[in-house]
$ cat start.pdb   # PDB, C-alpha atoms
MODEL        1
ATOM      1  CA  MET K   1       0.000   0.000   0.000
ATOM      2  CA  ALA K   2       1.357   3.404  -0.959
ATOM      3  CA  PRO K   3       2.065   5.784   1.915
ATOM      4  CA  LEU K   4      -0.535   8.473   2.462
ATOM      5  CA  LYS K   5       0.363  11.839   1.002
ATOM      6  CA  LYS K   6      -0.159  15.141   2.746
ATOM      7  CA  LEU K   7      -3.470  16.667   1.681
ATOM      8  CA  ASP K   8      -3.044  19.278  -1.017
ATOM      9  CA  ALA K   9      -4.754  20.115  -4.284
ATOM     10  CA  SER K  10      -2.162  18.255  -6.357
ATOM     11  CA  ASN K  11      -3.124  14.817  -4.997
ATOM     12  CA  LEU K  12      -6.903  15.120  -4.749
ATOM     13  CA  SER K  13      -8.716  12.570  -6.909
ATOM     14  CA  THR K  14     -11.437  13.653  -9.320
ATOM     15  CA  GLN K  15     -13.790  11.902 -11.729
ATOM     16  CA  SER K  16     -11.710  13.001 -14.706
ATOM     17  CA  GLN K  17      -8.320  14.582 -14.670
ATOM     18  CA  LEU K  18      -8.710  18.318 -14.372
ATOM     19  CA  VAL K  19      -6.302  21.135 -15.039
ATOM     20  CA  VAL K  20      -6.597  24.663 -13.789
ATOM     21  CA  ASN K  21      -6.086  27.462 -16.276
ATOM     22  CA  PRO K  22      -4.470  30.104 -14.049
ATOM     23  CA  SER K  23      -5.588  33.001 -16.264
ATOM     24  CA  THR K  24      -9.283  32.163 -15.908
ATOM     25  CA  PHE K  25      -9.375  29.870 -12.853
ATOM     26  CA  ARG K  26     -11.745  27.671 -14.863
ATOM     27  CA  GLN K  27     -11.279  23.940 -14.547
ATOM     28  CA  SER K  28     -11.395  21.908 -17.710
ATOM     29  CA  PRO K  29     -10.848  18.266 -18.638
ATOM     30  CA  VAL K  30      -7.359  17.525 -19.980
ATOM     31  CA  MET K  31      -7.646  18.075 -23.741
ATOM     32  CA  SER K  32      -5.488  18.192 -26.801
ATOM     33  CA  PRO K  33      -4.237  21.627 -27.897
ATOM     34  CA  GLY K  34      -6.898  23.611 -29.693
ATOM     35  CA  ALA K  35      -9.831  21.827 -28.067
ATOM     36  CA  SER K  36     -12.421  24.077 -26.470
ATOM     37  CA  GLN K  37     -12.232  24.383 -22.713
ATOM     38  CA  THR K  38     -15.364  24.223 -20.615
ATOM     39  CA  ARG K  39     -16.011  23.857 -16.940
ATOM     40  CA  GLU K  40     -18.570  22.030 -14.841
ATOM     41  CA  ASP K  41     -20.932  24.559 -13.303
ATOM     42  CA  PHE K  42     -21.734  24.175  -9.631
ATOM     43  CA  MET K  43     -25.430  23.842  -9.042
ATOM     44  CA  PRO K  44     -26.679  25.286  -5.760
ATOM     45  CA  ASP K  45     -27.864  22.676  -3.291
ATOM     46  CA  SER K  46     -31.647  23.018  -3.135
ATOM     47  CA  ARG K  47     -31.928  21.358   0.292
ATOM     48  CA  ASP K  48     -32.564  23.496   3.327
ATOM     49  CA  PRO K  49     -29.515  24.012   5.568
ATOM     50  CA  GLU K  50     -30.760  21.501   8.176
ATOM     51  CA  ALA K  51     -31.132  18.737   5.569
ATOM     52  CA  GLN K  52     -27.710  19.548   4.136
ATOM     53  CA  ALA K  53     -26.176  19.459   7.638
ATOM     54  CA  ASP K  54     -27.844  16.079   8.260
ATOM     55  CA  GLY K  55     -26.232  14.761   5.084
ATOM     56  CA  PHE K  56     -22.780  15.875   6.186
ATOM     57  CA  ALA K  57     -23.361  14.454   9.693
ATOM     58  CA  HIS K  58     -24.291  11.098   8.139
ATOM     59  CA  VAL K  59     -20.989  11.051   6.221
ATOM     60  CA  ARG K  60     -18.991  11.967   9.343
ATOM     61  CA  ASN K  61     -20.683   9.149  11.287
ATOM     62  CA  ALA K  62     -19.914   6.692   8.475
ATOM     63  CA  HIS K  63     -16.262   7.753   8.554
ATOM     64  CA  GLU K  64     -16.139   7.084  12.298
ATOM     65  CA  SER K  65     -17.372   3.506  11.859
ATOM     66  CA  GLU K  66     -15.165   2.670   8.856
ATOM     67  CA  MET K  67     -12.238   1.453  10.945
ATOM     68  CA  ALA K  68     -14.363  -0.915  13.013
ATOM     69  CA  GLU K  69     -16.143  -2.234   9.946
ATOM     70  CA  ASP K  70     -12.922  -2.790   8.001
ATOM     71  CA  TYR K  71     -11.299  -4.567  10.948
ATOM     72  CA  VAL K  72     -14.191  -6.905  11.780
ATOM     73  CA  GLU K  73     -14.681  -7.771   8.109
ATOM     74  CA  LEU K  74     -10.980  -8.596   7.739
ATOM     75  CA  ILE K  75     -10.851 -10.516  11.032
ATOM     76  CA  ALA K  76     -13.794 -12.648   9.880
ATOM     77  CA  GLU K  77     -12.033 -13.342   6.555
ATOM     78  CA  LEU K  78      -8.798 -14.333   8.306
ATOM     79  CA  ILE K  79     -10.611 -16.612  10.759
ATOM     80  CA  GLU K  80     -12.492 -18.224   7.890
ATOM     81  CA  ALA K  81      -9.281 -18.763   5.890
ATOM     82  CA  HIS K  82      -6.802 -19.587   8.692
ATOM     83  CA  GLY K  83      -8.820 -20.343  11.826
ATOM     84  CA  GLU K  84      -7.484 -17.236  13.546
ATOM     85  CA  ALA K  85      -6.725 -13.573  12.988
ATOM     86  CA  ARG K  86      -3.228 -12.638  14.091
ATOM     87  CA  PRO K  87      -2.439  -8.939  14.553
ATOM     88  CA  VAL K  88       0.575  -9.282  12.239
ATOM     89  CA  ASP K  89      -1.713 -10.577   9.471
ATOM     90  CA  ILE K  90      -4.207  -7.779  10.100
ATOM     91  CA  ALA K  91      -1.420  -5.194   9.865
ATOM     92  CA  GLU K  92      -0.106  -6.705   6.646
ATOM     93  CA  ARG K  93      -3.531  -6.830   4.976
ATOM     94  CA  LEU K  94      -4.488  -3.293   6.012
ATOM     95  CA  GLY K  95      -1.063  -1.878   5.203
ATOM     96  CA  VAL K  96      -0.562  -0.415   8.675
ATOM     97  CA  LYS K  97       1.982  -0.895  11.457
ATOM     98  CA  ALA K  98       1.507  -3.340  14.334
ATOM     99  CA  PRO K  99       1.044  -0.586  16.977
ATOM    100  CA  THR K 100      -1.873   0.793  14.947
ATOM    101  CA  VAL K 101      -3.504  -2.635  14.924
ATOM    102  CA  THR K 102      -2.938  -3.041  18.669
ATOM    103  CA  LYS K 103      -4.546   0.349  19.366
ATOM    104  CA  ASN K 104      -7.531  -0.369  17.120
ATOM    105  CA  ILE K 105      -8.012  -3.889  18.496
ATOM    106  CA  SER K 106      -8.206  -2.321  21.962
ATOM    107  CA  ARG K 107     -10.934   0.017  20.712
ATOM    108  CA  LEU K 108     -12.828  -2.892  19.178
ATOM    109  CA  LYS K 109     -12.497  -4.842  22.426
ATOM    110  CA  GLN K 110     -13.916  -1.885  24.399
ATOM    111  CA  ALA K 111     -16.797  -1.723  21.908
ATOM    112  CA  GLY K 112     -17.536  -5.401  22.506
ATOM    113  CA  LEU K 113     -16.711  -6.467  18.942
ATOM    114  CA  VAL K 114     -13.631  -8.644  19.560
ATOM    115  CA  ARG K 115     -12.032 -10.707  22.296
ATOM    116  CA  ARG K 116      -8.350 -11.216  22.735
ATOM    117  CA  GLU K 117      -5.849 -12.159  25.352
ATOM    118  CA  LYS K 118      -2.420 -10.578  25.363
ATOM    119  CA  TYR K 119      -0.103 -12.034  22.682
ATOM    120  CA  ARG K 120      -2.936 -14.161  21.266
ATOM    121  CA  SER K 121      -5.032 -14.103  18.106
ATOM    122  CA  VAL K 122      -8.112 -11.934  17.781
ATOM    123  CA  PHE K 123     -11.618 -13.425  17.623
ATOM    124  CA  LEU K 124     -14.998 -11.822  17.017
ATOM    125  CA  THR K 125     -17.727 -11.660  19.616
ATOM    126  CA  GLU K 126     -21.293 -12.408  18.506
ATOM    127  CA  ARG K 127     -21.804  -8.689  18.015
ATOM    128  CA  GLY K 128     -18.567  -8.445  16.024
ATOM    129  CA  GLN K 129     -19.570 -11.423  13.876
ATOM    130  CA  ALA K 130     -22.957  -9.844  13.142
ATOM    131  CA  LEU K 131     -21.261  -6.595  12.097
ATOM    132  CA  ALA K 132     -18.769  -8.503   9.918
ATOM    133  CA  GLU K 133     -21.607 -10.338   8.158
ATOM    134  CA  ALA K 134     -23.484  -7.077   7.538
ATOM    135  CA  CYS K 135     -20.299  -5.485   6.160
ATOM    136  CA  ARG K 136     -19.595  -8.464   3.934
ATOM    137  CA  ARG K 137     -23.172  -8.344   2.597
ATOM    138  CA  ARG K 138     -22.891  -4.608   1.821
ATOM    139  CA  HIS K 139     -19.508  -5.129   0.177
ATOM    140  CA  ARG K 140     -20.775  -7.944  -2.064
ATOM    141  CA  ILE K 141     -23.832  -5.965  -3.140
ATOM    142  CA  VAL K 142     -21.796  -2.844  -3.968
ATOM    143  CA  VAL K 143     -19.209  -4.851  -5.940
ATOM    144  CA  ALA K 144     -21.932  -6.690  -7.879
ATOM    145  CA  PHE K 145     -23.719  -3.416  -8.614
ATOM    146  CA  LEU K 146     -20.547  -1.740  -9.890
ATOM    147  CA  GLN K 147     -19.744  -4.758 -12.039
ATOM    148  CA  SER K 148     -23.301  -4.704 -13.440
ATOM    149  CA  LEU K 149     -22.479  -1.202 -14.681
ATOM    150  CA  GLY K 150     -19.445  -2.565 -16.541
ATOM    151  CA  ILE K 151     -16.773  -1.720 -13.955
ATOM    152  CA  ASP K 152     -13.928  -4.247 -13.943
ATOM    153  CA  GLU K 153     -13.492  -6.469 -10.883
ATOM    154  CA  VAL K 154     -10.323  -4.812  -9.547
ATOM    155  CA  THR K 155     -11.800  -1.315  -9.747
ATOM    156  CA  ALA K 156     -15.161  -2.468  -8.363
ATOM    157  CA  GLU K 157     -13.451  -4.080  -5.339
ATOM    158  CA  ARG K 158     -11.340  -0.974  -4.673
ATOM    159  CA  ASP K 159     -14.248   1.447  -5.053
ATOM    160  CA  ALA K 160     -16.551  -0.724  -2.942
ATOM    161  CA  GLU K 161     -14.138  -0.324  -0.013
ATOM    162  CA  GLY K 162     -15.175   3.320   0.235
ATOM    163  CA  ILE K 163     -18.760   3.185  -0.955
ATOM    164  CA  GLU K 164     -19.835   0.343   1.339
ATOM    165  CA  HIS K 165     -19.433   2.503   4.445
ATOM    166  CA  HIS K 166     -21.689   5.264   3.157
ATOM    167  CA  VAL K 167     -24.546   3.449   1.444
ATOM    168  CA  SER K 168     -27.951   3.343   3.100
ATOM    169  CA  GLU K 169     -30.117   0.245   3.378
ATOM    170  CA  ALA K 170     -32.577   1.804   0.901
ATOM    171  CA  THR K 171     -29.772   2.292  -1.621
ATOM    172  CA  LEU K 172     -28.531  -1.267  -1.060
ATOM    173  CA  LEU K 173     -32.018  -2.569  -1.781
ATOM    174  CA  ALA K 174     -32.091  -0.525  -4.994
ATOM    175  CA  PHE K 175     -28.660  -1.903  -5.949
ATOM    176  CA  GLU K 176     -29.932  -5.454  -5.351
ATOM    177  CA  LYS K 177     -33.054  -4.782  -7.413
ATOM    178  CA  HIS K 178     -30.880  -3.491 -10.247
ATOM    179  CA  ILE K 179     -28.557  -6.514 -10.048
ATOM    180  CA  LYS K 180     -31.441  -8.999 -10.095
ATOM    181  CA  ARG K 181     -33.230  -7.254 -12.966
ATOM    182  CA  PRO K 182     -33.326  -9.464 -16.055
ATOM    183  CA  GLY K 183     -30.695  -8.203 -18.464
TER
ENDMDL
END
$ encode --input "start.pdb" --output "structure tokens"
Amino acid sequence: MAPLKKLDASNLSTQSQLVVNPSTFRQSPVMSPGASQTREDFMPDSRDPEAQADGFAHVRNAHESEMAEDYVELIAELIEAHGEARPVDIAERLGVKAPTVTKNISRLKQAGLVRREKYRSVFLTERGQALAEACRRRHRIVVAFLQSLGIDEVTAERDAEGIEHHVSEATLLAFEKHIKRPG
């Protein structure tokens, strides 16, 4: 896994590559010389401020649960594949250092999602197993939906890692309906 870069405008990801024309400050897709340059207009958000704030709060809450969801999903996979989830394997798969895993396992233990004795493997509690199964279900649905749109498997898996934490149950049901629709 590549190391995280410091946040700045040069490493922000966008739908299409964009360049900034310093003379006009208009963003335009990367084009060949002579091609016309246009920009995407920003449409004002028609929601009232409270509804918009609720939307942002929902995203912040999803970000807070991402770590727990990623860990329990991975722990379940490791237990299924190897009979146990060792912190060293968790660190390797997540691309983080062992102290980070130790700190996060402690948080998961306090939340009642895992059990572990010092210097032993990590196991899921019933609550942790239920969360892992829900995460796995969401992940599979999102991947299948993206693939149904023609996204390749590698990209669908990578993108699902972010989307799965932010998708509502209503959206998941719509994804499933789309997937099951006769093609």
$ closest_residue --input "start.pdb" --among "K:His178, K:Arg116, K:Arg93, K:Arg136" --to "Ser148 of chain K" --atoms "all atoms listed in the file"
K:His178
$ residues_around --input "start.pdb" --residues "Phe145 of chain K" --least-positions-apart "2" --cutoff "12 Å" --atoms "only C-alpha atoms" --output "ChimeraX atom specification"
/K:138-143,147-153,156-157,159-160,163-164,171-181
$ atom_distance --input "start.pdb" --atom1 "atom CA of Cys135 of chain K" --atom2 "atom CA of His166 of chain K"
11.2 Å
$ resolve_selection --input "start.pdb" --expression "the PyMOL selection byres ((chain K and resi 121) around 7)" --output "list of chain:residue names"
K:Glu84, K:Ala85, K:Arg86, K:Pro87, K:Arg116, K:Arg120, K:Val122, K:Phe123
$ atom_distance --input "start.pdb" --atom1 "atom CA of His165 of chain K" --atom2 "atom CA of Glu40 of chain K"
27.5 Å
$ axis_aligned_box --input "start.pdb" --around "segment 155-162 of chain K" --padding-each-side "8 Å" --output "JSON"
{"center_x": -13.9, "center_y": -0.4, "center_z": -4.8, "size_x": 21.2, "size_y": 23.4, "size_z": 26.0}
$ resolve_selection --input "start.pdb" --expression "the PyMOL selection byres ((chain K and resi 102) around 12)" --output "VMD selection string"
chain K and resid 71 86 to 91 96 to 101 103 to 109 116 to 122
$ closest_residue --input "start.pdb" --among "K:Ala170, K:Leu124, K:Leu146, K:Ala111" --to "Glu77 of chain K" --atoms "only C-alpha atoms"
K:Leu124
$ closest_residue --input "start.pdb" --among "K:Val167, K:Ala76, K:Ala144, K:Leu94" --to "Gln129 of chain K" --atoms "only C-alpha atoms"
K:Ala76
$ atom_distance --input "start.pdb" --atom1 "atom CA of Ala132 of chain K" --atom2 "atom CA of Glu69 of chain K"
6.8 Å
$ closest_residue --input "start.pdb" --among "K:Gly112, K:Gly162, K:Gly128, K:Pro49" --to "Leu74 of chain K" --atoms "all atoms listed in the file"
K:Gly128
